[in-house]
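Written below as structure tokens is the structure these notes are about.
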Amino acid sequence: MARQKEQIASRPQLATTELWASAPYPVILVDRTGTVVDLNPAAASLLEGAARGSTLSETVPPWLTRAHQETTDPAGRSAGDGPASAPRPVFRGRIGTQTFVAHPAPNPGGDVAWWLVDDTDRRLVEEELATERERTAFLAEASNVLLASLNTDRCMQITAQLASQYLAEAAVVILPAAGRQMPLAHAVGGRTAVRGTVAADPAQVPGLSEALQGFPPVPSRWIDPGALPGWLLPEDFTGTVGSAAVVPLPGLGVPAGVLVLLRGTGSTEFDESEEGFARLFAARAGAALSAARLYAEQSDITRTLMRDLLPPRLDRVNGVEFAGGYQPASARDRVGGDFYDVHPGSTPEDASLAVLGDVCGKGLDAAVLTGKIRNTLQALTPMAGDHERMLRLLNGALLNSHHTRFATLVLASVRREESRVRLRLTSAGHPAPLVIRNDGSVEEIDTRGTLVGALPRVEARTVETDLRPGETCLLYTDGVTEARGGPLGDELFGEERLMRALEECAGMPGTAVVERVQMLASQWLHDGRHDDMALLAITAPPTTHLSAVDGHTRGRYTA
Amino acid sequence: MSTHTLAAPRIRGLQDRLWAAVTDRDEHAAAAVVLAALDDGIDAETALLDVIAPVQKRVGTEWAANRLSVAQEHAASAIAERVIAALAHHPAGRTTPRLGRVTVACVDQEWHVLPARLLAEVLTLRGWQVDFLGAQVPTPHLVGHLHTSGADVVALSSSVPTRLPAAHAAITAVQAAGVPVLAGGAAFGPDGRYAHRLGADAWEPDARSAARRVADGIPAPLPAAGRQQTDDLPHLADQEYTLVVRSRPQLVREVLTQLESRFPAAAAYTEQQREHTAQDIAHIVEHLGVALYMDDDELFTGFLVWTAGILEARRVPAASLEPVLDVLSIELKDFPRASRLLGRARTALDALPPPAGHDPGASDDRTSPSASHPGS
């Protein structure tokens, strides 16, 4: 072995050079002092002006000079980097337009042969991969954030903010005008977007009106930065716009809006892959925005249609306190098959009509029928002097409708007389009203009648009673008494428990009675399923004050 | 804020007059006290936080000490509500919104509305546009509201610790909609530790500091892909919470049966006494469940010590709680975390000073809208 080594070492240098000459990589041999000892033709053609005897720093870029110093002078590297433990450092850098990995091959004489391997293609691929990864991560984040909200304003703000963070220095999102005003959001440098509206002609910006109309279909386009109107530029965007693009946000069949991307004069213009990426982002933002718009439109419609189905807010009417409480069967619903209403008497001397009822079934279907019953009863209020007649008319109306459901209800004509409240109560197949007397007793009012909407004839018995100041008459639906739960999980709340609870409520304001019962029932249920629950309390005000704190006037006690 | 400083005695005088009106169930007198104070130049925020709020707090304390009935307590809350409404219409309480939009809501099944109501009024006074959703807001309604109306922040109130799991669901849902949550109320602990554990973006101990925090701005939560509630509380993986909560009725029944076999007095209970006892046991199991959910000893121990105080005030020996814990310990011996909680609570009860004489067996309804938490 040793002899062989010697033989190799004693070979003339020329032979090595010849070997290099045919090597597919540029090779450059440098001595300890940094002088080029030799180089092969590939190296000569790569490194312009390189020649034997020249110094390395004249011949190669600085990164390679440093690499050579580090390799020949390991002491220059940080302490503790033993040759055994340290991984071989990778030297990589540019020469001309290409990049190379430089592999040092030291020989015993102290010279180092540098093999330069071109890795330009690999670097390009790696860079592209990194860009794609970053974009994918961005799109994933954008999707997360955009999907989180169905609120149009918020989607608009997020779109502008994200676009100004990743796609341009500033971004503006413009939505189709609602009336004369176009909603828009400005964002700069990924900061929180500022929302506003502008009453401007979109035709001022080339391509904007087409993109907002969604027709004819337009691609994103470059516009002359000089043509931008002032309102389009975010306030905190300092500098001059160098390039601007109008990117349509494709909606789900409707134009969702437009994204305007702005870059300063100092930055590079958009390249083709960036444009493609902007389109990908625009597709997501557009989908989110139009989903939010659809949701907003749908909830507007729902709100309008539901307005009359929601339980009314009750207050004092003609000297009598009314308080209501309603819990639909499902937490998702706001309406159900229970209802209550108070129709004030036309003068303080006239009786007001209070109604509480329960349509068989729950949810929206039942709520629609409650709407019908409530309308019918309102129309029948002039006949409130005769409850039975009202019920007969209502029954007829329900039998003639296409609904197959029936209902139970209580009618209460309520009139203040001096400090007392006179009540005429009629139940149509409904749980009897309960009166909480001041002495703590709870009285069941003995009115009975047939339910409405099922049989051709209805019968009912009206009962009269008085409330002294502080006393409350409570109307309720069976959702309360049929609440199933309790500590043992399977008991009905029941009428007896309700009456016991009410015994404690003597002298309480009607709102407090309603709240108390609601609270007990919901605690009884303990997150269990239940039917709709409605409560209506009619209370004779406890004191002689005639002017109420109704929230609108300052009562006379302050005068 | 207030430009004039008010002598403390004047405020105390107002509190006393309001207290008298409230316990007298005289809504008009109560409103008169507050409105006259406004006419005299007290600012609305002071009236809300230094007059109405302390009186309401006193209602809870007095109930706990058995000096107020449940009915008086409900009436007091109803009156406070009306007074606040009247105050909002007084010229001193009128402001036009000029700041951002805030949603104020109570957690689902949370009936204690006043803390949230006070915050809503304070924020309105300070110029925020406030959407006050009221008591017991189901989480789907809250999120639906955020989608339709939007909000810069949701202020979420909870007073009773048994609502903490529901609060967790609400916090996660609101954050998933990209809106930060400011938590407040006694349920989150005196130092807000439960709010932080449930991942709330902020917590504040009272309405004034909450209003300041909202003004400082609370950054929106970062949308973490696939974040789930169990990420905040990894101990839930042992399923103890789920199993205990699901078997609550069986546990109550078992404890009741065992009590009756151990104590002849318990076997002689009337139907109503039996039901009250069952409700008390159910309450204890419920708190055990929450302590398991949060994995927090103090939640359960604190509740039992507080209950013992409530029982003493009603002349029921707190020692009656011990057999309940003993039976639960046997029933739940296979659940390590539940066993730990029960053991710690038993030690804490043993350490309580011995009570004076009582009539045994009496119990009453501890369902109260104001008295809520050991820390409150």
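Lettering and numbering for the structure tokens are positional, with chains as A, B, ... in the shown order, residues counted from 1 in each chain, and ligands counted from 1 in the shown order.
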How close does each residue of chain B get to chain A, giving the shortest atom pair and distance in Å to one decimal for every residue with an atom at most 6 Å away, counting only C-alpha atoms, sorted by chain and residue number, as JSON lines?
```
{"residue": "B:Ala32", "atom": "CA", "partner": "A:Thr558", "partner_atom": "CA", "distance": 5.9}
{"residue": "B:Ala71", "atom": "CA", "partner": "A:Cys505", "partner_atom": "CA", "distance": 5.4}
{"residue": "B:His74", "atom": "CA", "partner": "A:Ala512", "partner_atom": "CA", "distance": 5.5}
{"residue": "B:Ala75", "atom": "CA", "partner": "A:Met508", "partner_atom": "CA", "distance": 5.5}
{"residue": "B:Ala78", "atom": "CA", "partner": "A:Ala512", "partner_atom": "CA", "distance": 5.6}
{"residue": "B:Ala85", "atom": "CA", "partner": "A:Gly551", "partner_atom": "CA", "distance": 5.8}
{"residue": "B:Ala86", "atom": "CA", "partner": "A:Gly551", "partner_atom": "CA", "distance": 4.7}
{"residue": "B:Pro138", "atom": "CA", "partner": "A:Ala331", "partner_atom": "CA", "distance": 5.9}
{"residue": "B:His147", "atom": "CA", "partner": "A:Asn151", "partner_atom": "CA", "distance": 4.5}
{"residue": "B:Thr148", "atom": "CA", "partner": "A:Asn151", "partner_atom": "CA", "distance": 5.8}
{"residue": "B:Ala176", "atom": "CA", "partner": "A:Ala148", "partner_atom": "CA", "distance": 5.8}
{"residue": "B:Ala177", "atom": "CA", "partner": "A:Ala148", "partner_atom": "CA", "distance": 4.7}
{"residue": "B:Pro249", "atom": "CA", "partner": "A:Leu488", "partner_atom": "CA", "distance": 4.4}
{"residue": "B:Ala278", "atom": "CA", "partner": "A:Pro487", "partner_atom": "CA", "distance": 5.7}
{"residue": "B:Gln279", "atom": "CA", "partner": "A:Pro487", "partner_atom": "CA", "distance": 5.2}
{"residue": "B:Ala282", "atom": "CA", "partner": "A:Pro487", "partner_atom": "CA", "distance": 5.3}
```
Would you give me, as a PDB file with N, CA and C atoms, in the first residue's frame, the residues in stretch 60-207 of chain B that DSSP reads as alpha helix (DSSP H)?
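Output saved as part25.pdb:
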```pdb
ATOM      1  N   GLY B  60     -77.396  39.898  46.859  1.00  0.00           N
ATOM      2  CA  GLY B  60     -76.871  38.528  46.815  1.00  0.00           C
ATOM      3  C   GLY B  60     -76.328  38.100  48.166  1.00  0.00           C
ATOM      4  N   THR B  61     -75.584  39.003  48.814  1.00  0.00           N
ATOM      5  CA  THR B  61     -74.992  38.671  50.110  1.00  0.00           C
ATOM      6  C   THR B  61     -76.076  38.422  51.149  1.00  0.00           C
ATOM      7  N   GLU B  62     -77.086  39.269  51.140  1.00  0.00           N
ATOM      8  CA  GLU B  62     -78.161  39.150  52.123  1.00  0.00           C
ATOM      9  C   GLU B  62     -78.953  37.868  51.904  1.00  0.00           C
ATOM     10  N   TRP B  63     -79.117  37.488  50.616  1.00  0.00           N
ATOM     11  CA  TRP B  63     -79.818  36.241  50.354  1.00  0.00           C
ATOM     12  C   TRP B  63     -79.021  35.076  50.918  1.00  0.00           C
ATOM     13  N   ALA B  64     -77.692  35.103  50.665  1.00  0.00           N
ATOM     14  CA  ALA B  64     -76.838  34.007  51.120  1.00  0.00           C
ATOM     15  C   ALA B  64     -76.923  33.881  52.632  1.00  0.00           C
ATOM     16  N   VAL B  70     -86.084  34.445  48.322  1.00  0.00           N
ATOM     17  CA  VAL B  70     -85.863  34.331  46.891  1.00  0.00           C
ATOM     18  C   VAL B  70     -86.730  35.350  46.144  1.00  0.00           C
ATOM     19  N   ALA B  71     -87.972  35.498  46.620  1.00  0.00           N
ATOM     20  CA  ALA B  71     -88.888  36.417  45.951  1.00  0.00           C
ATOM     21  C   ALA B  71     -88.367  37.847  46.026  1.00  0.00           C
ATOM     22  N   GLN B  72     -87.894  38.247  47.223  1.00  0.00           N
ATOM     23  CA  GLN B  72     -87.362  39.605  47.371  1.00  0.00           C
ATOM     24  C   GLN B  72     -86.180  39.810  46.440  1.00  0.00           C
ATOM     25  N   GLU B  73     -85.404  38.731  46.320  1.00  0.00           N
ATOM     26  CA  GLU B  73     -84.215  38.835  45.511  1.00  0.00           C
ATOM     27  C   GLU B  73     -84.568  39.023  44.038  1.00  0.00           C
ATOM     28  N   HIS B  74     -85.545  38.226  43.559  1.00  0.00           N
ATOM     29  CA  HIS B  74     -85.981  38.370  42.164  1.00  0.00           C
ATOM     30  C   HIS B  74     -86.568  39.752  41.939  1.00  0.00           C
ATOM     31  N   ALA B  75     -87.362  40.192  42.921  1.00  0.00           N
ATOM     32  CA  ALA B  75     -87.988  41.498  42.791  1.00  0.00           C
ATOM     33  C   ALA B  75     -86.912  42.567  42.711  1.00  0.00           C
ATOM     34  N   ALA B  76     -85.867  42.424  43.524  1.00  0.00           N
ATOM     35  CA  ALA B  76     -84.787  43.409  43.526  1.00  0.00           C
ATOM     36  C   ALA B  76     -84.123  43.474  42.156  1.00  0.00           C
ATOM     37  N   SER B  77     -83.881  42.301  41.547  1.00  0.00           N
ATOM     38  CA  SER B  77     -83.243  42.291  40.230  1.00  0.00           C
ATOM     39  C   SER B  77     -84.146  42.962  39.202  1.00  0.00           C
ATOM     40  N   ALA B  78     -85.457  42.646  39.282  1.00  0.00           N
ATOM     41  CA  ALA B  78     -86.390  43.236  38.322  1.00  0.00           C
ATOM     42  C   ALA B  78     -86.413  44.751  38.471  1.00  0.00           C
ATOM     43  N   ILE B  79     -86.359  45.220  39.721  1.00  0.00           N
ATOM     44  CA  ILE B  79     -86.384  46.666  39.951  1.00  0.00           C
ATOM     45  C   ILE B  79     -85.100  47.303  39.419  1.00  0.00           C
ATOM     46  N   ALA B  80     -83.957  46.655  39.682  1.00  0.00           N
ATOM     47  CA  ALA B  80     -82.687  47.191  39.187  1.00  0.00           C
ATOM     48  C   ALA B  80     -82.734  47.343  37.670  1.00  0.00           C
ATOM     49  N   GLU B  81     -83.294  46.331  36.999  1.00  0.00           N
ATOM     50  CA  GLU B  81     -83.450  46.377  35.543  1.00  0.00           C
ATOM     51  C   GLU B  81     -84.195  47.626  35.100  1.00  0.00           C
ATOM     52  N   ARG B  82     -85.321  47.874  35.782  1.00  0.00           N
ATOM     53  CA  ARG B  82     -86.168  49.013  35.413  1.00  0.00           C
ATOM     54  C   ARG B  82     -85.450  50.329  35.668  1.00  0.00           C
ATOM     55  N   VAL B  83     -84.734  50.372  36.788  1.00  0.00           N
ATOM     56  CA  VAL B  83     -84.030  51.605  37.123  1.00  0.00           C
ATOM     57  C   VAL B  83     -82.968  51.893  36.059  1.00  0.00           C
ATOM     58  N   ILE B  84     -82.270  50.828  35.642  1.00  0.00           N
ATOM     59  CA  ILE B  84     -81.237  51.012  34.613  1.00  0.00           C
ATOM     60  C   ILE B  84     -81.879  51.512  33.320  1.00  0.00           C
ATOM     61  N   ALA B  85     -83.052  50.941  32.985  1.00  0.00           N
ATOM     62  CA  ALA B  85     -83.739  51.372  31.770  1.00  0.00           C
ATOM     63  C   ALA B  85     -84.132  52.841  31.866  1.00  0.00           C
ATOM     64  N   ALA B  86     -84.608  53.250  33.035  1.00  0.00           N
ATOM     65  CA  ALA B  86     -85.009  54.643  33.226  1.00  0.00           C
ATOM     66  C   ALA B  86     -83.792  55.558  33.118  1.00  0.00           C
ATOM     67  N   LEU B  87     -82.677  55.082  33.679  1.00  0.00           N
ATOM     68  CA  LEU B  87     -81.445  55.865  33.660  1.00  0.00           C
ATOM     69  C   LEU B  87     -80.959  56.088  32.226  1.00  0.00           C
ATOM     70  N   ALA B  88     -81.126  55.050  31.398  1.00  0.00           N
ATOM     71  CA  ALA B  88     -80.652  55.157  30.020  1.00  0.00           C
ATOM     72  C   ALA B  88     -81.402  56.235  29.250  1.00  0.00           C
ATOM     73  N   HIS B  89     -82.609  56.569  29.715  1.00  0.00           N
ATOM     74  CA  HIS B  89     -83.386  57.591  29.014  1.00  0.00           C
ATOM     75  C   HIS B  89     -83.236  58.981  29.629  1.00  0.00           C
ATOM     76  N   LEU B 114     -77.514  41.116  35.273  1.00  0.00           N
ATOM     77  CA  LEU B 114     -77.142  42.477  35.666  1.00  0.00           C
ATOM     78  C   LEU B 114     -75.682  42.858  35.390  1.00  0.00           C
ATOM     79  N   PRO B 115     -74.709  41.980  35.700  1.00  0.00           N
ATOM     80  CA  PRO B 115     -73.329  42.386  35.397  1.00  0.00           C
ATOM     81  C   PRO B 115     -73.154  42.746  33.921  1.00  0.00           C
ATOM     82  N   ALA B 116     -73.760  41.936  33.042  1.00  0.00           N
ATOM     83  CA  ALA B 116     -73.653  42.203  31.608  1.00  0.00           C
ATOM     84  C   ALA B 116     -74.392  43.486  31.244  1.00  0.00           C
ATOM     85  N   ARG B 117     -75.541  43.655  31.871  1.00  0.00           N
ATOM     86  CA  ARG B 117     -76.344  44.850  31.594  1.00  0.00           C
ATOM     87  C   ARG B 117     -75.583  46.120  31.984  1.00  0.00           C
ATOM     88  N   LEU B 118     -74.927  46.065  33.139  1.00  0.00           N
ATOM     89  CA  LEU B 118     -74.163  47.234  33.603  1.00  0.00           C
ATOM     90  C   LEU B 118     -73.028  47.542  32.635  1.00  0.00           C
ATOM     91  N   LEU B 119     -72.335  46.494  32.199  1.00  0.00           N
ATOM     92  CA  LEU B 119     -71.234  46.720  31.255  1.00  0.00           C
ATOM     93  C   LEU B 119     -71.770  47.317  29.959  1.00  0.00           C
ATOM     94  N   ALA B 120     -72.896  46.778  29.487  1.00  0.00           N
ATOM     95  CA  ALA B 120     -73.474  47.285  28.246  1.00  0.00           C
ATOM     96  C   ALA B 120     -73.780  48.770  28.378  1.00  0.00           C
ATOM     97  N   GLU B 121     -74.339  49.167  29.529  1.00  0.00           N
ATOM     98  CA  GLU B 121     -74.684  50.583  29.728  1.00  0.00           C
ATOM     99  C   GLU B 121     -73.425  51.442  29.799  1.00  0.00           C
ATOM    100  N   VAL B 122     -72.397  50.931  30.497  1.00  0.00           N
ATOM    101  CA  VAL B 122     -71.159  51.702  30.626  1.00  0.00           C
ATOM    102  C   VAL B 122     -70.509  51.901  29.251  1.00  0.00           C
ATOM    103  N   LEU B 123     -70.484  50.835  28.471  1.00  0.00           N
ATOM    104  CA  LEU B 123     -69.881  50.945  27.133  1.00  0.00           C
ATOM    105  C   LEU B 123     -70.674  51.934  26.273  1.00  0.00           C
ATOM    106  N   THR B 124     -72.008  51.877  26.389  1.00  0.00           N
ATOM    107  CA  THR B 124     -72.835  52.812  25.636  1.00  0.00           C
ATOM    108  C   THR B 124     -72.514  54.253  26.053  1.00  0.00           C
ATOM    109  N   LEU B 125     -72.422  54.449  27.371  1.00  0.00           N
ATOM    110  CA  LEU B 125     -72.117  55.798  27.877  1.00  0.00           C
ATOM    111  C   LEU B 125     -70.765  56.281  27.354  1.00  0.00           C
ATOM    112  N   THR B 139     -75.513  29.784  22.109  1.00  0.00           N
ATOM    113  CA  THR B 139     -74.341  30.078  21.280  1.00  0.00           C
ATOM    114  C   THR B 139     -74.682  30.238  19.789  1.00  0.00           C
ATOM    115  N   PRO B 140     -75.589  29.405  19.224  1.00  0.00           N
ATOM    116  CA  PRO B 140     -75.920  29.633  17.804  1.00  0.00           C
ATOM    117  C   PRO B 140     -76.479  31.036  17.545  1.00  0.00           C
ATOM    118  N   HIS B 141     -77.241  31.583  18.498  1.00  0.00           N
ATOM    119  CA  HIS B 141     -77.762  32.940  18.320  1.00  0.00           C
ATOM    120  C   HIS B 141     -76.642  33.957  18.348  1.00  0.00           C
ATOM    121  N   LEU B 142     -75.698  33.728  19.253  1.00  0.00           N
ATOM    122  CA  LEU B 142     -74.584  34.656  19.396  1.00  0.00           C
ATOM    123  C   LEU B 142     -73.771  34.701  18.101  1.00  0.00           C
ATOM    124  N   VAL B 143     -73.457  33.522  17.574  1.00  0.00           N
ATOM    125  CA  VAL B 143     -72.650  33.463  16.353  1.00  0.00           C
ATOM    126  C   VAL B 143     -73.441  34.013  15.162  1.00  0.00           C
ATOM    127  N   GLY B 144     -74.735  33.692  15.115  1.00  0.00           N
ATOM    128  CA  GLY B 144     -75.579  34.238  14.054  1.00  0.00           C
ATOM    129  C   GLY B 144     -75.589  35.758  14.097  1.00  0.00           C
ATOM    130  N   HIS B 145     -75.633  36.290  15.298  1.00  0.00           N
ATOM    131  CA  HIS B 145     -75.611  37.748  15.449  1.00  0.00           C
ATOM    132  C   HIS B 145     -74.298  38.322  14.917  1.00  0.00           C
ATOM    133  N   LEU B 146     -73.196  37.634  15.198  1.00  0.00           N
ATOM    134  CA  LEU B 146     -71.894  38.132  14.730  1.00  0.00           C
ATOM    135  C   LEU B 146     -71.832  38.123  13.210  1.00  0.00           C
ATOM    136  N   HIS B 147     -72.421  37.093  12.598  1.00  0.00           N
ATOM    137  CA  HIS B 147     -72.414  37.038  11.137  1.00  0.00           C
ATOM    138  C   HIS B 147     -73.234  38.179  10.542  1.00  0.00           C
ATOM    139  N   THR B 148     -74.398  38.433  11.132  1.00  0.00           N
ATOM    140  CA  THR B 148     -75.245  39.457  10.518  1.00  0.00           C
ATOM    141  C   THR B 148     -74.805  40.870  10.896  1.00  0.00           C
ATOM    142  N   SER B 149     -74.440  41.079  12.142  1.00  0.00           N
ATOM    143  CA  SER B 149     -74.167  42.449  12.571  1.00  0.00           C
ATOM    144  C   SER B 149     -72.691  42.764  12.703  1.00  0.00           C
ATOM    145  N   LEU B 164     -69.428  27.187  33.066  1.00  0.00           N
ATOM    146  CA  LEU B 164     -68.116  27.284  32.422  1.00  0.00           C
ATOM    147  C   LEU B 164     -67.993  26.427  31.156  1.00  0.00           C
ATOM    148  N   PRO B 165     -68.493  25.164  31.162  1.00  0.00           N
ATOM    149  CA  PRO B 165     -68.409  24.419  29.896  1.00  0.00           C
ATOM    150  C   PRO B 165     -69.163  25.118  28.762  1.00  0.00           C
ATOM    151  N   ALA B 166     -70.329  25.704  29.085  1.00  0.00           N
ATOM    152  CA  ALA B 166     -71.078  26.438  28.061  1.00  0.00           C
ATOM    153  C   ALA B 166     -70.299  27.672  27.632  1.00  0.00           C
ATOM    154  N   ALA B 167     -69.628  28.322  28.596  1.00  0.00           N
ATOM    155  CA  ALA B 167     -68.822  29.495  28.263  1.00  0.00           C
ATOM    156  C   ALA B 167     -67.692  29.095  27.316  1.00  0.00           C
ATOM    157  N   HIS B 168     -67.131  27.925  27.571  1.00  0.00           N
ATOM    158  CA  HIS B 168     -66.048  27.446  26.708  1.00  0.00           C
ATOM    159  C   HIS B 168     -66.535  27.300  25.268  1.00  0.00           C
ATOM    160  N   ALA B 169     -67.715  26.685  25.134  1.00  0.00           N
ATOM    161  CA  ALA B 169     -68.284  26.510  23.795  1.00  0.00           C
ATOM    162  C   ALA B 169     -68.505  27.862  23.129  1.00  0.00           C
ATOM    163  N   ALA B 170     -68.997  28.824  23.897  1.00  0.00           N
ATOM    164  CA  ALA B 170     -69.268  30.147  23.325  1.00  0.00           C
ATOM    165  C   ALA B 170     -67.973  30.839  22.923  1.00  0.00           C
ATOM    166  N   ILE B 171     -66.954  30.765  23.787  1.00  0.00           N
ATOM    167  CA  ILE B 171     -65.669  31.420  23.487  1.00  0.00           C
ATOM    168  C   ILE B 171     -65.091  30.849  22.191  1.00  0.00           C
ATOM    169  N   THR B 172     -65.064  29.523  22.091  1.00  0.00           N
ATOM    170  CA  THR B 172     -64.495  28.908  20.892  1.00  0.00           C
ATOM    171  C   THR B 172     -65.283  29.290  19.649  1.00  0.00           C
ATOM    172  N   ALA B 173     -66.605  29.307  19.776  1.00  0.00           N
ATOM    173  CA  ALA B 173     -67.428  29.610  18.599  1.00  0.00           C
ATOM    174  C   ALA B 173     -67.229  31.050  18.147  1.00  0.00           C
ATOM    175  N   VAL B 174     -67.158  31.965  19.096  1.00  0.00           N
ATOM    176  CA  VAL B 174     -66.977  33.378  18.732  1.00  0.00           C
ATOM    177  C   VAL B 174     -65.597  33.572  18.097  1.00  0.00           C
ATOM    178  N   GLN B 175     -64.600  32.949  18.682  1.00  0.00           N
ATOM    179  CA  GLN B 175     -63.251  33.088  18.128  1.00  0.00           C
ATOM    180  C   GLN B 175     -63.164  32.468  16.737  1.00  0.00           C
ATOM    181  N   ALA B 176     -63.895  31.365  16.539  1.00  0.00           N
ATOM    182  CA  ALA B 176     -63.891  30.745  15.213  1.00  0.00           C
ATOM    183  C   ALA B 176     -64.489  31.688  14.180  1.00  0.00           C
ATOM    184  N   ARG B 193     -58.730  33.254  36.215  1.00  0.00           N
ATOM    185  CA  ARG B 193     -57.935  32.102  35.774  1.00  0.00           C
ATOM    186  C   ARG B 193     -58.719  31.181  34.840  1.00  0.00           C
ATOM    187  N   TYR B 194     -60.026  31.057  35.097  1.00  0.00           N
ATOM    188  CA  TYR B 194     -60.804  30.150  34.244  1.00  0.00           C
ATOM    189  C   TYR B 194     -61.002  30.736  32.848  1.00  0.00           C
ATOM    190  N   ALA B 195     -61.073  32.056  32.780  1.00  0.00           N
ATOM    191  CA  ALA B 195     -61.190  32.698  31.471  1.00  0.00           C
ATOM    192  C   ALA B 195     -59.945  32.374  30.640  1.00  0.00           C
ATOM    193  N   HIS B 196     -58.794  32.472  31.277  1.00  0.00           N
ATOM    194  CA  HIS B 196     -57.558  32.210  30.539  1.00  0.00           C
ATOM    195  C   HIS B 196     -57.469  30.741  30.150  1.00  0.00           C
ATOM    196  N   ARG B 197     -57.895  29.876  31.083  1.00  0.00           N
ATOM    197  CA  ARG B 197     -57.803  28.450  30.776  1.00  0.00           C
ATOM    198  C   ARG B 197     -58.728  28.074  29.617  1.00  0.00           C
ATOM    199  N   ALA B 207     -66.594  46.315  35.420  1.00  0.00           N
ATOM    200  CA  ALA B 207     -67.087  47.007  34.224  1.00  0.00           C
ATOM    201  C   ALA B 207     -66.133  48.115  33.784  1.00  0.00           C
TER     202      ALA B 207
END
```
Write out as a CSV table (one decimal) with N, CA and C atoms, in the first residue's frame each polymer residue whose atoms come within 8 Å of B:Val137, counting only C-alpha atoms; drop sequence neighbours fewer than 3 positions from it.
```
chain,number,residue,atom,x,y,z
B,105,ALA,N,-73.2,39.8,25.9
B,105,ALA,CA,-74.1,38.7,26.0
B,105,ALA,C,-73.8,37.8,27.2
B,106,CYS,N,-74.8,37.2,27.8
B,106,CYS,CA,-74.5,36.2,28.8
B,106,CYS,C,-74.4,34.8,28.2
B,107,VAL,N,-73.7,33.9,28.8
B,107,VAL,CA,-73.5,32.6,28.4
B,107,VAL,C,-74.9,31.9,28.4
B,108,ASP,N,-75.1,30.9,27.5
B,108,ASP,CA,-76.3,30.1,27.5
B,108,ASP,C,-76.6,29.6,28.9
B,109,GLN,N,-77.9,29.7,29.2
B,109,GLN,CA,-78.4,29.3,30.5
B,109,GLN,C,-77.9,30.1,31.7
B,110,GLU,N,-77.3,31.2,31.4
B,110,GLU,CA,-76.9,32.1,32.5
B,110,GLU,C,-77.9,33.2,32.7
B,133,LEU,N,-77.4,41.4,24.0
B,133,LEU,CA,-78.2,40.3,23.7
B,133,LEU,C,-78.9,39.7,24.9
B,134,GLY,N,-78.6,40.1,26.1
B,134,GLY,CA,-79.3,39.7,27.3
B,134,GLY,C,-78.8,38.5,27.9
B,141,HIS,N,-77.2,31.6,18.5
B,141,HIS,CA,-77.8,32.9,18.3
B,141,HIS,C,-76.6,34.0,18.3
B,142,LEU,N,-75.7,33.7,19.3
B,142,LEU,CA,-74.6,34.7,19.4
B,142,LEU,C,-73.8,34.7,18.1
```
Closest of B:Ser320, B:Asp26, B:Arg212, B:Asp326 to B:Ala265 - atom-to-atom distances counting only C-alpha atoms
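The closest residue to B:Ala265 is B:Ser320.
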Strand (DSSP E or B) positions in stretch 77-133 of chain A, given as an NGL selection string:
:A and (91-95 or 98-106 or 112-118)
Taking 5 positions as the minimum chain separation for residues in the same chain, which residues sit within 6 Å of stretch 230-247 of chain B when counting only C-alpha atoms? Answer as a PyMOL selection string.
chain B and resi 289+292-293
Taking only C-alpha atoms into account, which of A:Glu459, A:Asp358, A:Glu495, A:Asp341 comes nearest A:Ser413?
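The closest residue to A:Ser413 is A:Asp341.
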Can you work out the spacing between atom CA of A:Ala521 and atom CA of A:Phe493 in Å, to one decimal?
7.1 Å
Non-local contacts of A:Gly196 (9 Å; only C-alpha atoms; under 5 positions in same chain excluded) as a list in words:
Met182, Pro183, Leu184, Ala185 and His186 of chain A
Residues within 12 Å of A:Ala282, only C-alpha atoms, excluding chain neighbours under 2 positions, as a VMD selection string:
chain A and resid 139 142 to 143 146 156 159 to 160 162 to 163 167 173 219 to 220 246 to 251 255 to 261 275 to 280 284 to 290
Between B:Pro161, B:His287, B:Pro219, B:Asp131, which has the minimum distance to B:Gly178 (counting only C-alpha atoms)?
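Of B:Pro161, B:His287, B:Pro219, B:Asp131, the one nearest B:Gly178, counting only C-alpha atoms, is B:Pro219.
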What is the atom CA of A:Glu471 to atom CA of A:Glu321 distance in Å?
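Separating atom CA of A:Glu471 from atom CA of A:Glu321 is a distance of 10.4 Å.
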Counting only C-alpha atoms, the residue of A:Ile436, A:Val410, A:Leu398, A:Leu233 that sits nearest A:Ala454:
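Looking at the shortest contact to A:Ala454, the residue is A:Leu398.
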A:Gly429 surroundings by only C-alpha atoms, 8 Å radius, close-in-sequence under 5 positions cut, as a list of chain:residue names
A:Thr408, A:Leu409, A:Arg448, A:Gly449, A:Thr450, A:Leu451, A:Val452
Just give me the gap between atom CA of A:Pro541 and atom CA of A:Gly319 in Å, one decimal is fine.
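Atom-to-atom, atom CA of A:Pro541 and atom CA of A:Gly319 are spaced 7.4 Å apart.
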